[in-house]
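Notes follow the structure.
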Amino acid sequence: MQTLVNFAYLAAAVLFILGMKRMNSPATARSGNQLSSVGMLIAVVATLLQGEILAPWMMVAGVALGGAIGALLATRVQMTSMPEMVAALNGFGGGASVLVATAEVARYVDAGDEGLAGAAFARHGLEPLGAMTVVTVLLSVLIGAVTFSGSFVAFGKLNGRVPGRPLAFPGMRALTVLLALAGLAAIAYPLAALGDTRFDAGPLWLAAWVLLGLALVLGVLLVIPIGGADMPVVVSLLNSYSGLAAASTGFVLRNYALIVSGALVGASGLILTKIMCEAMNRSLLNVLLGGFGTGGGETAAPGPGGTAVAGTVRSTSPEDAAVLLAYADRVVIVPGYGLAVAQAQHTVRELADQLQGRGVQVSYAIHPVAGRMPGHMNVLLAEANVPYDQLFEMDEINDQFDRTDVALVIGANDVVNPAARNDASSPIYGMPILNVDHAKNVIVMKRSMAAGYAGVENELFYLPNNQMLFGDAKKSLERLVSEVKAL
Amino acid sequence: MQTLVNFAYLAAAVLFILGMKRMNSPATARSGNQLSSVGMLIAVVATLLQGEILAPWMMVAGVALGGAIGALLATRVQMTSMPEMVAALNGFGGGASVLVATAEVARYVDAGDEGLAGAAFARHGLEPLGAMTVVTVLLSVLIGAVTFSGSFVAFGKLNGRVPGRPLAFPGMRALTVLLALAGLAAIAYPLAALGDTRFDAGPLWLAAWVLLGLALVLGVLLVIPIGGADMPVVVSLLNSYSGLAAASTGFVLRNYALIVSGALVGASGLILTKIMCEAMNRSLLNVLLGGFGTGGGETAAPGPGGTAVAGTVRSTSPEDAAVLLAYADRVVIVPGYGLAVAQAQHTVRELADQLQGRGVQVSYAIHPVAGRMPGHMNVLLAEANVPYDQLFEMDEINDQFDRTDVALVIGANDVVNPAARNDASSPIYGMPILNVDHAKNVIVMKRSMAAGYAGVENELFYLPNNQMLFGDAKKSLERLVSEVKAL
Amino acid sequence: MLETLVIVFVLASFVGFEVISKVPATLHTPLMSGSNAISGITIVGALVVAGMVDSPWARWLGFAALVLATINVVGGYLVTDRMLQMFRKKEPPRPAAPVSGDGRR
Amino acid sequence: MLETLVIVFVLASFVGFEVISKVPATLHTPLMSGSNAISGITIVGALVVAGMVDSPWARWLGFAALVLATINVVGGYLVTDRMLQMFRKKEPPRPAAPVSGDGRR
Ligand SMILES: NC(=O)c1ccc[n+]([C@@H]2O[C@H](COP(=O)([O-])OP(=O)(O)OC[C@H]3O[C@@H](n4cnc5c(N)ncnc54)[C@H](OP(=O)(O)O)[C@@H]3O)[C@@H](O)[C@H]2O)c1
Ligand SMILES: NC(=O)c1ccc[n+]([C@@H]2O[C@H](COP(=O)([O-])OP(=O)(O)OC[C@H]3O[C@@H](n4cnc5c(N)ncnc54)[C@H](OP(=O)(O)O)[C@@H]3O)[C@@H](O)[C@H]2O)c1
């Protein structure tokens with residue numbers, strides 16, 4: 001039976017892998033996700049068939065309750081709130097790992113209560129406590145709890161319930177280190193106690209609760225000093241942790257489904273985190289030490305690293321901009337975080353339709369870190385039904401700006417800042433950017449001259465081929481659409 | 001101890017994987033191979049530390065003997081004989097798997113000789129015979145033996161000791177099927193005998209020897225009907241088999257090192273085979289059913305599928321060709337199997353140096369299946385120290401022929417045959433080719449008007465922008481070099 | 001036993017690394033939520049452990065684990081599906097080519 | 001036990017597939033001989049089994065297996081190294097660009 005179940009787990013793991021592989025193209029991604037969910041179903045059904053599960057009513061109730069909550073959350077959430085949603089779900093996953101590990105400890109305690117001997121343990125289907133069990137149970141608790149509290153802090157920062165700015169107090173870092181050391185001690189204590197008896201789970205029990213408390217605080221302390229806008233990186237890292245938590249629970253239960261899936265998620269989260277950091281041209285350490293992103297796109301003062309930029313700024317009107325766009329041959333639209341803030345994805349699509357109706361070639365240039373999470377712009381534009389063959393990645397389109405009549409920058413800032421190419425003293429120096437300044441004309445749509453996420457001024461705004469169209473992106477776009485229609 | 005050894009095996013497997021990953025760029029490939037060999041060393045040393053190995057002198061002798069033979073073969077072999085070499089090494093690997101499996105069967109026989117009971121088996125460290133042991137041992141024998149004899153037939157075909165043309169006799173296919181069925185029976189027999197006693201290895205022993213005989217013949221029958229020029233595909237497939245043989249030996253010995261490495265090799269061999277078949281625009285089945293390639297580049301009569309090509313052929317002299325080349329701006333060299341036959345890699349490099357010295361831009365266009373094994377041309381040209389940044393793959397360079405003054409085709413034929421694009425009735429129709437016919441001038445260097453590997457006529461030779469430079473590639477190139485120098 | 005678990009863990013990590021590094025940036029957000037759903041595999045752990053505990057309060061621990069893990073799984077897959085549903089390739093009224101054909105693969 | 005072995009086998013196969021499909025055609029021949037050398041891992045099997053057999057003639061089987069596997073390993077790695085040694089990127093006297101800069105990544 002156990003053999004059959006393990007083969008079912010293998011089948012589930014294979015489906016997870018195949019599902020992830022299908023994520024490498026938008027055309028197959030959806031079926032990949034479905035494949036993956038079938039894998040999950042197989043894993044669950046196989047576990048149920050194994051028998052010996054929770055009282056049936058309790059199980060049904062648990063799944064029904066969890067399923068209902070999950071479905072509700074998933075259908076209610078706004079597309080723009082995806083990062084929060086992932087953070088919250090991640091927190092639940094971490095919490096589940098903690099609870100499973102604690103319940104496993106409870107089994108040892110129960111067995112120990114019946115008598116500190118092998119017989120009682122055997123009755124409960126347990127072996128005497130070993131170093132591997134102790135370490136993996138406590139790791140599950142530690143990682144799971146850090147994931148849990150960290151994810152919910154990130155959730156709060158992302159939806160504004162926790163201040164987005166980096167929060168810190170004197171001695172915070174010292175406290176963090178202290179807590180981490182205490183956590184190590186909490187793991188060492190029951191290990192040392194193993195020497196006396198391998199049947200008394202008391203020390204393990206104590207250690208688990210202490211560690212749980214420590215880890216919950218630690219999760220908060222680790223995430224709170226990081227700026228709100230860096231949260232996507234944090235969420236991706238916490239996602240990796242939740243995989244590791246699942247894997248270490250798998251080590252506790254000697255369950256291959258958990259180990260394989262946990263490792264898959266752990267590795268994929270890590271890779272994603274790395275890709276995001278690289279695209280922002282920052283190290284993971286720099287992100288984690290915090291103090292960089294100041295909050296979800298709030299107007300930030302030019303940072304100290306920004307060079308003072310001199311020059312004049314040309315401002316334009318929707319009427320003039322409409323004429324420029326309507327009579328262009330080639331327009332490239334560059335969306336950024338402001339498009340998400342203004343929720344202007346549908347309006348931009350409408351503008352593109354109008355222009356295409358007039359024979360203008362329109363394409364979209366998507367910077368890998370435009371917005372606040374990887375692929376943010378793709379998801380937004382996909383929501384507005386922009387066909388994805390009109391979207392071009394940075395490398396594909398960067399050579400083309402030379403031959404572009406108008407680059408229409410909508411709520412993007414850092415990702416089009418030429419300082420990243422020119423100014424070695426800029427904090428974003430070295431980050432690959434979209435070369436909109438090479439286009440014949442640039443129109444930048446934003447509300448003010450304020451800096452973007454990185455807090456540096458943008459010399460693009462002062463270039464002679466640039467014009468600013470001030471105002472909320474959605475309102476300005478609506479004006480543009482009606483002006484183009486009227487032409 | 002076993003745990004430590006298993007961790008060493010894991011380390012070895014990780015090194016194999018990292019080594020293979022480094023194979024994705026010529027710059028890191030060599031260090032990757034070294035990493036992989038360190039992994040092998042770790043696996044061997046860990047096994048030795050496990051104790052219980054062969055009498056030391058025997059072991060030292062075995063490794064010394066095998067190492068000496070291996071080193072001798074590796075240093076003596078010509079670069080152009082690589083496919084043979086790989087085929088032979090592959091055969092040795094398959095043979096080793098068979099021997100290991102047979103020795104394992106011998107252990108069961110020895111134990112059974114002492115008494116058909118659990119005690120005798122336990123004394124030998126064996127469990128009673130189970131279905132898994134029987135099946136995996138016999139699979140090792142079967143796959144290993146097919147690999148062994150198949151590889152040596154391929155070896156013979158590649159170096160000409162066995163006729164390269166597809167060999168067949170009436171009823172051969174029926175015989176093959178019969179042998180395969182007999183093999184299945186040989187696996188079923190000891191499985192059925194398990195019902196009587198799980199301690200008598202007699203049936204297994206008998207089955208192993210019968211299967212060994214059958215499989216050796218089967219290996220020959222499977223490879224002999226395949227044309228000599230298809231051997232690289234066969235070798236790659238047999239490589240995959242040798243991995244599977246190692247993996248099934250791993251199942252017999254419950255040894256993770258063997259299973260992981262065997263699976264790696266099995267999968268990689270399969271992928272390579274698939275890539276090669278796709279590049280030749282043929283299915284694996286079509287290759288295995290045989291009768292296509294007629295032999296290593298021997299002059300073949302135009303095949304039945306070839307359209308009769310009419311037109312005149314212009315022939316040129318080394319003097320004229322030298323002038324054309326020396327005064328060109330851009331020359332693309334297209335090497336093919338004939339370059340390998342003529343061993344002209346150094347001479348072609350010399351010509352390129354001369355031309356570059358005169359300011360001509362020279363690049364090499366490498367078709368994925370030019371030559372007789374994947375990457376054949378790359379290895380040859382690398383031997384002649386052609387920097388690999390002058391080599392361009394088909395997709396990279398195909399657009400460029402329009403702007404090329406002279407395409408110099410050296411001993412290539414099928415890979416530049418426009419029939420693959422134009423003539424739906426041609427056997428090579430659909431194979432991607434190098435569009436040399438788009439160049440202003442084409443010079444084809446070969447010895448005659450004979451067809452290439454696929455046996456079809458080449459309409460390129462009749463195009464108005466084409467000139468033939470007849471003669472052995474090396475001799476003609478030497479003439480060209482001296483003519484260019486003299487200019 | 002331990003080493004087997006570790007071997008499986010290491011190999012699965014390699015698979016994860018290799019597979020994910022091929023996913024284009026476009027799909028990183030759905031990928032994140034999709035792999036998040038996979039980490040809800042803890043649901044299996046919750047089921048297993050809940051079947052083995054004896055004291056009633058430990059059962060409630062298992063129950064809570066089950067609820068949380070199910071939220072993670074169901075929510076994760078549904079939200080990913082919602083996102084991916086939007087990635088449709090359709091024939092636009094007038095195909096907008098990039099500003100020039102060159103330089104594209 | 002069986003299922004563990006199968007799990008390991010399947011995961012390793014995935015790793016193999018993923019890793020190899022990234023190798024460029026240029027390196028396919030060395031890749032073939034390099035992975036062939038890895039399949040010489042049977043050397044480990046030969047050592048293990050030779051240590052466990054009792055009858056002298058079975059020992060000779062083990063010995064023969066050891067010799068063949070060693071040939072495969074040593075020959076495979078050396079020949080691959082010889083091939084790869086030749087893949088050097090050097091500054092050519094005059095870098096020959098492709099016939100035009102466009103169209104290259
Ligand atoms: N994508 C990721 O994964 C990720 C993750 C973390 C961090 N980041 C970072 O986020 C930044 C992304 O660059 P970005 O160019 O997309 O954004 P950005 O540099 O943050 O700039 C966004 C701009 O949008 C404008 N804006 C805000 N609300 C607007 C509205 N309603 N209407 C019109 N404009 C509005 C703002 O200017 P006004 O206030 O003047 O309107 C702001 O300058 C990069 O620095 C990147 O490193 C990205
Ligand atoms: N690369 C692989 O992995 C692989 C594997 C199996 C099969 N194949 C097949 O092999 C073929 C490769 O195409 P290819 O264009 O490279 O070769 P090809 O089509 O076989 O043509 C080679 C040409 O070289 C000429 N030649 C032979 N010896 C010569 C010498 N000493 N000097 C000058 N010329 C000489 C021959 O013509 P003359 O006799 O007139 O001189 C022959 O036409 C494809 O059909 C492919 O499918 C490739």
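In the structure tokens, the first chain shown is A, the next is B, and so on; residue numbers restart at 1 for each chain, and ligands run from 1 in the order shown.
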(request) Please write out the residues within 7 Å of ligand 1 as JSON, numbers by chain, counting only C-alpha atoms and all ligand atoms. (result) {"A": [229, 230, 231, 232, 233, 276, 280, 297, 298, 299, 335, 336, 337, 338, 339, 341, 342, 368, 369, 370, 371, 372, 373, 374, 375, 376, 410, 411, 412, 413, 414, 415, 416, 445, 446, 447, 448, 449, 450, 451, 452, 453, 454, 471, 472, 473, 474]}
(message) Using only C-alpha atoms, which protein or nucleic acid residues come within 8 Å of region 3-7 of chain D? Drop anything in the same chain fewer than 6 positions from it, and give the result as number ranges by chain.
(response) A: 3, 6-7, 10; B: 251, 254, 256, 259; C: 4, 8
I need the residues from that last selection saved to file as a compact mmCIF listing (two decimals), in the first residue's frame (with C-alpha atoms), if you can.
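The file below, again22.txt, is the result:
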# COMPACT_ATOMS: atom_id res chain seq x y z
CA THR A 3 4.46 1.54 -2.20
CA ASN A 6 4.58 6.52 -3.08
CA PHE A 7 4.09 5.86 -6.77
CA LEU A 10 5.82 10.28 -7.84
CA PHE B 251 18.41 -1.32 -9.25
CA ARG B 254 20.26 -0.86 -4.82
CA TYR B 256 22.13 5.24 -5.96
CA ILE B 259 20.85 4.77 -10.75
CA THR C 4 17.70 8.77 0.37
CA VAL C 8 15.63 13.08 -3.56
(request) Considering only C-alpha atoms, extract the chain A residues located within 10 Å of chain D and return them as a ChimeraX atom specification. (result) /A:2-7,9-11,13-14,17-18,21,256,260,395-396
(request) Record the distance separating CA of Leu61 (chain D) and CA of Thr147 (chain B), expressed in Å with one decimal. (result) 18.1 Å
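Going from CA of Ile433 (chain B) over to CA of Arg421 (chain B), you cover 7.7 Å.
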Could the residues of chain D that have an atom at most 10 Å from ligand 2 be listed as a Markdown table, each with its closest atom pair and the distance in Å to one decimal, counting only C-alpha atoms and all ligand atoms and ordered by chain and ascending residue number?
| residue | atom | partner | partner_atom_place_in_ligand_line | distance |
| --- | --- | --- | --- | --- |
| D:Ala25 | CA | ligand 2 | 3 (O) | 9.6 |
| D:His28 | CA | ligand 2 | 3 (O) | 9.0 |
| D:Thr29 | CA | ligand 2 | 3 (O) | 8.8 |
(message) Between CA of Gln361 (chain B) and CA of Ala439 (chain B), what is the distance in Å, rounded to a tenth?
(response) 14.4 Å
(request) DSSP on the backbone, then: every residue of region 8-90 of chain C marked helix (DSSP H, G or I), written as a count of residues only. (result) 69
(message) For Trp57 (chain D), find every residue with an atom within 10 Å (counting only C-alpha atoms), except residues of its own chain fewer than 5 positions away, and show them as a ChimeraX atom specification.
(response) /B:103,106 /D:62-63
Write out, as a PDB file, in the first residue's frame, the residues just selected, with C-alpha atoms.
ATOM      1  CA  ALA B 103      28.348 -11.939 -11.129  1.00  0.00           C
ATOM      2  CA  ALA B 106      26.480 -16.052  -9.394  1.00  0.00           C
TER       3      ALA B 106
ATOM      4  CA  GLY D  62      33.988  -9.117 -11.485  1.00  0.00           C
ATOM      5  CA  PHE D  63      37.556  -8.586 -12.593  1.00  0.00           C
TER       6      PHE D  63
END
Spatial neighbours of Val348 (chain A), 12 Å, only C-alpha atoms, chain gap at least 6 places, as a compact mmCIF listing (two decimals) with all heavy atoms, in the first residue's frame:
# COMPACT_ATOMS: atom_id res chain seq x y z
N VAL A 332 5.81 53.27 -29.70
CA VAL A 332 6.09 52.23 -28.71
C VAL A 332 5.57 52.71 -27.37
O VAL A 332 5.93 53.82 -26.92
CB VAL A 332 7.59 51.92 -28.62
CG1 VAL A 332 7.84 50.90 -27.53
CG2 VAL A 332 8.10 51.41 -29.95
N ILE A 333 4.73 51.94 -26.76
CA ILE A 333 4.17 52.30 -25.45
C ILE A 333 5.01 51.63 -24.37
O ILE A 333 5.28 50.43 -24.43
CB ILE A 333 2.71 51.83 -25.34
CG1 ILE A 333 1.86 52.57 -26.38
CG2 ILE A 333 2.17 52.06 -23.94
CD1 ILE A 333 0.41 52.13 -26.42
N VAL A 334 5.46 52.43 -23.39
CA VAL A 334 6.29 51.91 -22.30
C VAL A 334 5.52 52.07 -21.00
O VAL A 334 5.49 53.15 -20.42
CB VAL A 334 7.63 52.67 -22.21
CG1 VAL A 334 8.47 52.12 -21.08
CG2 VAL A 334 8.37 52.60 -23.54
N PRO A 335 4.87 51.00 -20.53
CA PRO A 335 4.12 51.12 -19.29
C PRO A 335 5.02 50.94 -18.07
O PRO A 335 6.05 50.26 -18.15
CB PRO A 335 3.11 49.98 -19.39
CG PRO A 335 3.80 48.95 -20.21
CD PRO A 335 4.75 49.67 -21.13
N LEU A 339 0.97 53.03 -14.40
CA LEU A 339 -0.17 52.47 -15.12
C LEU A 339 -0.99 51.60 -14.18
O LEU A 339 -2.23 51.61 -14.21
CB LEU A 339 0.33 51.63 -16.30
CG LEU A 339 -0.78 51.07 -17.21
CD1 LEU A 339 -1.24 52.12 -18.18
CD2 LEU A 339 -0.30 49.84 -17.96
N ALA A 340 -0.29 50.85 -13.32
CA ALA A 340 -0.99 50.00 -12.35
C ALA A 340 -1.71 50.87 -11.33
O ALA A 340 -2.86 50.60 -10.97
CB ALA A 340 0.00 49.06 -11.67
N ALA A 342 -2.82 53.90 -11.66
CA ALA A 342 -3.97 54.58 -12.25
C ALA A 342 -5.01 53.58 -12.78
O ALA A 342 -6.09 54.00 -13.17
CB ALA A 342 -3.49 55.47 -13.39
N GLN A 354 -7.35 52.66 -31.24
CA GLN A 354 -7.61 53.84 -32.06
C GLN A 354 -6.46 54.11 -33.02
O GLN A 354 -6.66 54.33 -34.21
CB GLN A 354 -7.79 55.08 -31.15
CG GLN A 354 -9.11 55.11 -30.42
CD GLN A 354 -10.29 55.24 -31.37
OE1 GLN A 354 -10.15 55.83 -32.45
NE2 GLN A 354 -11.42 54.65 -31.03
N LEU A 355 -5.26 54.06 -32.45
CA LEU A 355 -4.09 54.38 -33.29
C LEU A 355 -3.92 53.33 -34.38
O LEU A 355 -3.67 53.65 -35.54
CB LEU A 355 -2.83 54.46 -32.41
CG LEU A 355 -2.79 55.63 -31.43
CD1 LEU A 355 -1.55 55.55 -30.55
CD2 LEU A 355 -2.80 56.97 -32.19
N VAL A 362 1.67 49.97 -33.45
CA VAL A 362 1.84 50.15 -32.00
C VAL A 362 2.42 48.88 -31.40
O VAL A 362 1.95 47.78 -31.68
CB VAL A 362 0.48 50.45 -31.33
CG1 VAL A 362 0.66 50.63 -29.84
CG2 VAL A 362 -0.16 51.67 -31.96
N SER A 363 3.49 49.03 -30.62
CA SER A 363 3.93 47.88 -29.83
C SER A 363 4.19 48.34 -28.40
O SER A 363 4.30 49.54 -28.14
CB SER A 363 5.17 47.22 -30.44
OG SER A 363 5.86 48.06 -31.31
N TYR A 364 4.27 47.38 -27.51
CA TYR A 364 4.52 47.68 -26.10
C TYR A 364 5.91 47.19 -25.74
O TYR A 364 6.30 46.08 -26.11
CB TYR A 364 3.51 46.96 -25.21
CG TYR A 364 2.07 47.39 -25.43
CD1 TYR A 364 1.33 46.89 -26.48
CD2 TYR A 364 1.46 48.28 -24.56
CE1 TYR A 364 0.02 47.27 -26.69
CE2 TYR A 364 0.14 48.67 -24.74
CZ TYR A 364 -0.58 48.16 -25.82
OH TYR A 364 -1.88 48.54 -26.01
N LEU A 380 -1.16 42.92 -16.20
CA LEU A 380 -2.10 44.04 -16.34
C LEU A 380 -2.61 44.15 -17.77
O LEU A 380 -3.82 44.23 -18.01
CB LEU A 380 -1.39 45.35 -16.02
CG LEU A 380 -1.46 45.90 -14.61
CD1 LEU A 380 -0.86 47.28 -14.60
CD2 LEU A 380 -2.89 45.92 -14.11
N LEU A 381 -1.68 44.16 -18.71
CA LEU A 381 -2.08 44.35 -20.10
C LEU A 381 -2.86 43.14 -20.60
O LEU A 381 -3.80 43.27 -21.38
CB LEU A 381 -0.84 44.60 -20.97
CG LEU A 381 -0.15 45.93 -20.66
CD1 LEU A 381 1.13 46.06 -21.45
CD2 LEU A 381 -1.08 47.10 -20.97
N ALA A 382 -2.49 41.97 -20.12
CA ALA A 382 -3.25 40.78 -20.51
C ALA A 382 -4.68 40.92 -20.01
O ALA A 382 -5.63 40.55 -20.71
CB ALA A 382 -2.61 39.53 -19.92
N GLU A 383 -4.85 41.48 -18.83
CA GLU A 383 -6.20 41.67 -18.30
C GLU A 383 -7.01 42.53 -19.27
O GLU A 383 -8.21 42.33 -19.44
CB GLU A 383 -6.13 42.34 -16.92
CG GLU A 383 -7.47 42.32 -16.20
CD GLU A 383 -7.51 43.29 -15.03
OE1 GLU A 383 -6.44 43.81 -14.65
OE2 GLU A 383 -8.61 43.56 -14.53
N ALA A 384 -6.35 43.52 -19.89
CA ALA A 384 -7.05 44.40 -20.82
C ALA A 384 -7.08 43.80 -22.23
O ALA A 384 -7.34 44.51 -23.20
CB ALA A 384 -6.37 45.76 -20.85
N ASN A 385 -6.77 42.49 -22.32
CA ASN A 385 -6.84 41.79 -23.60
C ASN A 385 -5.87 42.28 -24.65
O ASN A 385 -6.14 42.16 -25.84
CB ASN A 385 -8.25 41.87 -24.19
CG ASN A 385 -9.19 40.92 -23.48
OD1 ASN A 385 -8.74 39.90 -22.99
ND2 ASN A 385 -10.46 41.28 -23.41
N VAL A 386 -4.76 42.85 -24.24
CA VAL A 386 -3.74 43.18 -25.23
C VAL A 386 -3.10 41.86 -25.67
O VAL A 386 -2.62 41.12 -24.82
CB VAL A 386 -2.68 44.12 -24.63
CG1 VAL A 386 -1.57 44.37 -25.64
CG2 VAL A 386 -3.31 45.41 -24.17
N LEU A 408 5.81 56.43 -25.94
CA LEU A 408 4.81 56.94 -25.00
C LEU A 408 5.04 56.25 -23.66
O LEU A 408 4.72 55.07 -23.49
CB LEU A 408 3.41 56.64 -25.53
CG LEU A 408 2.24 57.16 -24.71
CD1 LEU A 408 2.25 58.68 -24.66
CD2 LEU A 408 0.92 56.67 -25.28
N VAL A 409 5.61 57.00 -22.72
CA VAL A 409 5.98 56.43 -21.42
C VAL A 409 4.85 56.69 -20.44
O VAL A 409 4.55 57.85 -20.12
CB VAL A 409 7.28 57.07 -20.91
CG1 VAL A 409 7.65 56.53 -19.55
CG2 VAL A 409 8.41 56.86 -21.91
N ILE A 410 4.18 55.64 -19.97
CA ILE A 410 3.01 55.82 -19.12
C ILE A 410 3.32 55.36 -17.71
O ILE A 410 3.37 54.16 -17.42
CB ILE A 410 1.81 55.03 -19.67
CG1 ILE A 410 1.59 55.38 -21.15
CG2 ILE A 410 0.57 55.32 -18.86
CD1 ILE A 410 0.47 54.62 -21.79
N GLY A 411 3.57 56.31 -16.83
CA GLY A 411 3.80 55.96 -15.42
C GLY A 411 5.04 55.13 -15.19
O GLY A 411 5.14 54.42 -14.20
N MET A 445 3.99 60.40 -19.42
CA MET A 445 2.76 60.70 -18.70
C MET A 445 2.95 60.36 -17.24
O MET A 445 3.10 59.20 -16.88
CB MET A 445 1.62 59.87 -19.27
CG MET A 445 1.40 60.11 -20.76
SD MET A 445 0.21 59.00 -21.46
CE MET A 445 -1.24 59.55 -20.63
N ALA A 473 -2.59 58.99 -15.05
CA ALA A 473 -2.44 58.30 -16.33
C ALA A 473 -3.79 57.97 -16.95
O ALA A 473 -3.99 58.13 -18.16
CB ALA A 473 -1.62 57.02 -16.13
N LYS A 474 -4.75 57.54 -16.14
CA LYS A 474 -6.02 57.12 -16.70
C LYS A 474 -6.76 58.31 -17.31
O LYS A 474 -7.25 58.26 -18.44
CB LYS A 474 -6.88 56.47 -15.62
CG LYS A 474 -8.18 55.92 -16.16
CD LYS A 474 -8.77 54.92 -15.22
CE LYS A 474 -9.97 54.25 -15.85
NZ LYS A 474 -10.60 53.33 -14.91
N LYS A 475 -6.78 59.43 -16.55
CA LYS A 475 -7.47 60.62 -17.04
C LYS A 475 -6.82 61.10 -18.32
O LYS A 475 -7.50 61.38 -19.32
CB LYS A 475 -7.42 61.72 -15.97
CG LYS A 475 -8.11 61.31 -14.67
CD LYS A 475 -9.03 62.40 -14.14
CE LYS A 475 -9.77 61.90 -12.90
NZ LYS A 475 -8.83 61.75 -11.74
N SER A 476 -5.49 61.19 -18.32
CA SER A 476 -4.80 61.69 -19.52
C SER A 476 -5.08 60.78 -20.71
O SER A 476 -5.30 61.27 -21.83
CB SER A 476 -3.29 61.74 -19.28
OG SER A 476 -2.98 62.56 -18.19
N LEU A 477 -5.06 59.48 -20.47
CA LEU A 477 -5.29 58.56 -21.58
C LEU A 477 -6.69 58.72 -22.13
O LEU A 477 -6.91 58.67 -23.35
CB LEU A 477 -5.05 57.12 -21.12
CG LEU A 477 -3.57 56.70 -21.06
CD1 LEU A 477 -3.40 55.38 -20.32
CD2 LEU A 477 -2.99 56.57 -22.47
N GLU A 478 -7.66 58.92 -21.22
CA GLU A 478 -9.03 59.12 -21.71
C GLU A 478 -9.11 60.36 -22.60
O GLU A 478 -9.74 60.35 -23.66
CB GLU A 478 -10.00 59.25 -20.52
CG GLU A 478 -10.38 57.88 -19.95
CD GLU A 478 -10.97 57.97 -18.55
OE1 GLU A 478 -11.07 59.09 -18.00
OE2 GLU A 478 -11.30 56.90 -17.98
N ARG A 479 -8.44 61.40 -22.17
CA ARG A 479 -8.39 62.62 -23.00
C ARG A 479 -7.77 62.31 -24.36
O ARG A 479 -8.31 62.71 -25.40
CB ARG A 479 -7.54 63.71 -22.31
CG ARG A 479 -8.16 64.30 -21.05
CD ARG A 479 -9.29 65.29 -21.35
NE ARG A 479 -8.92 66.34 -22.29
CZ ARG A 479 -8.33 67.50 -21.96
NH1 ARG A 479 -8.05 67.76 -20.70
NH2 ARG A 479 -8.05 68.40 -22.87
N LEU A 480 -6.64 61.59 -24.31
CA LEU A 480 -5.96 61.27 -25.57
C LEU A 480 -6.87 60.51 -26.51
O LEU A 480 -6.96 60.80 -27.71
CB LEU A 480 -4.71 60.43 -25.29
CG LEU A 480 -3.45 61.18 -24.88
CD1 LEU A 480 -2.32 60.21 -24.59
CD2 LEU A 480 -3.03 62.14 -25.99
N VAL A 481 -7.59 59.51 -25.95
CA VAL A 481 -8.47 58.70 -26.79
C VAL A 481 -9.51 59.58 -27.47
O VAL A 481 -9.73 59.51 -28.70
CB VAL A 481 -9.16 57.61 -25.95
CG1 VAL A 481 -10.26 56.93 -26.75
CG2 VAL A 481 -8.15 56.59 -25.48
(message) Need the shell around Ser33 (chain C): protein/DNA/RNA residues with any atom at most 8 Å away, counting only C-alpha atoms. Skip same-chain ones fewer than 2 positions apart. Format as number ranges by chain?
(response) A: 86; C: 29-31, 35-37, 76-77, 79-80
(message) I want to know what sits within 9 Å of region 314-317 of chain A, based on only C-alpha atoms, with residues of the same chain fewer than 5 positions away left out; could you give that as an NGL selection string?
(response) :A and (322 or 443 or 461-464 or 466-470)
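The closest residue to Leu158 (chain B), picked from B:Gln34, B:Thr273, B:Ser240, B:Ser81 and counting only C-alpha atoms, is B:Ser81.
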(request) Choose the residue, out of C:Asn72, C:Ser13, C:Ser21, C:Ser55, that has the smallest atom-to-atom separation from Gly34 (chain C); count only C-alpha atoms. (result) C:Asn72
(request) Point out the residue among D:Ala46, D:Met32, D:Leu27, D:Val19 with the least atom-to-atom distance to Leu68 (chain D), counting only C-alpha atoms. (result) D:Ala46
(message) Quick one: residues within 7 Å of Gly70 (chain B), only C-alpha atoms, excluding same-chain residues fewer than 5 positions away - as a PyMOL selection string?
(response) chain D and resi 71-72+74-75
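The residues of region 269-405 of chain A that DSSP assigns to strand (DSSP E or B) on this backbone come out as Ala300, Ser315, Arg330, Val331, Val332, Ile333, Val334, Pro335, Gln361, Val362, Ser363, Tyr364, Ala365, Ile366, Leu391, Phe392 and Glu393 of chain A.
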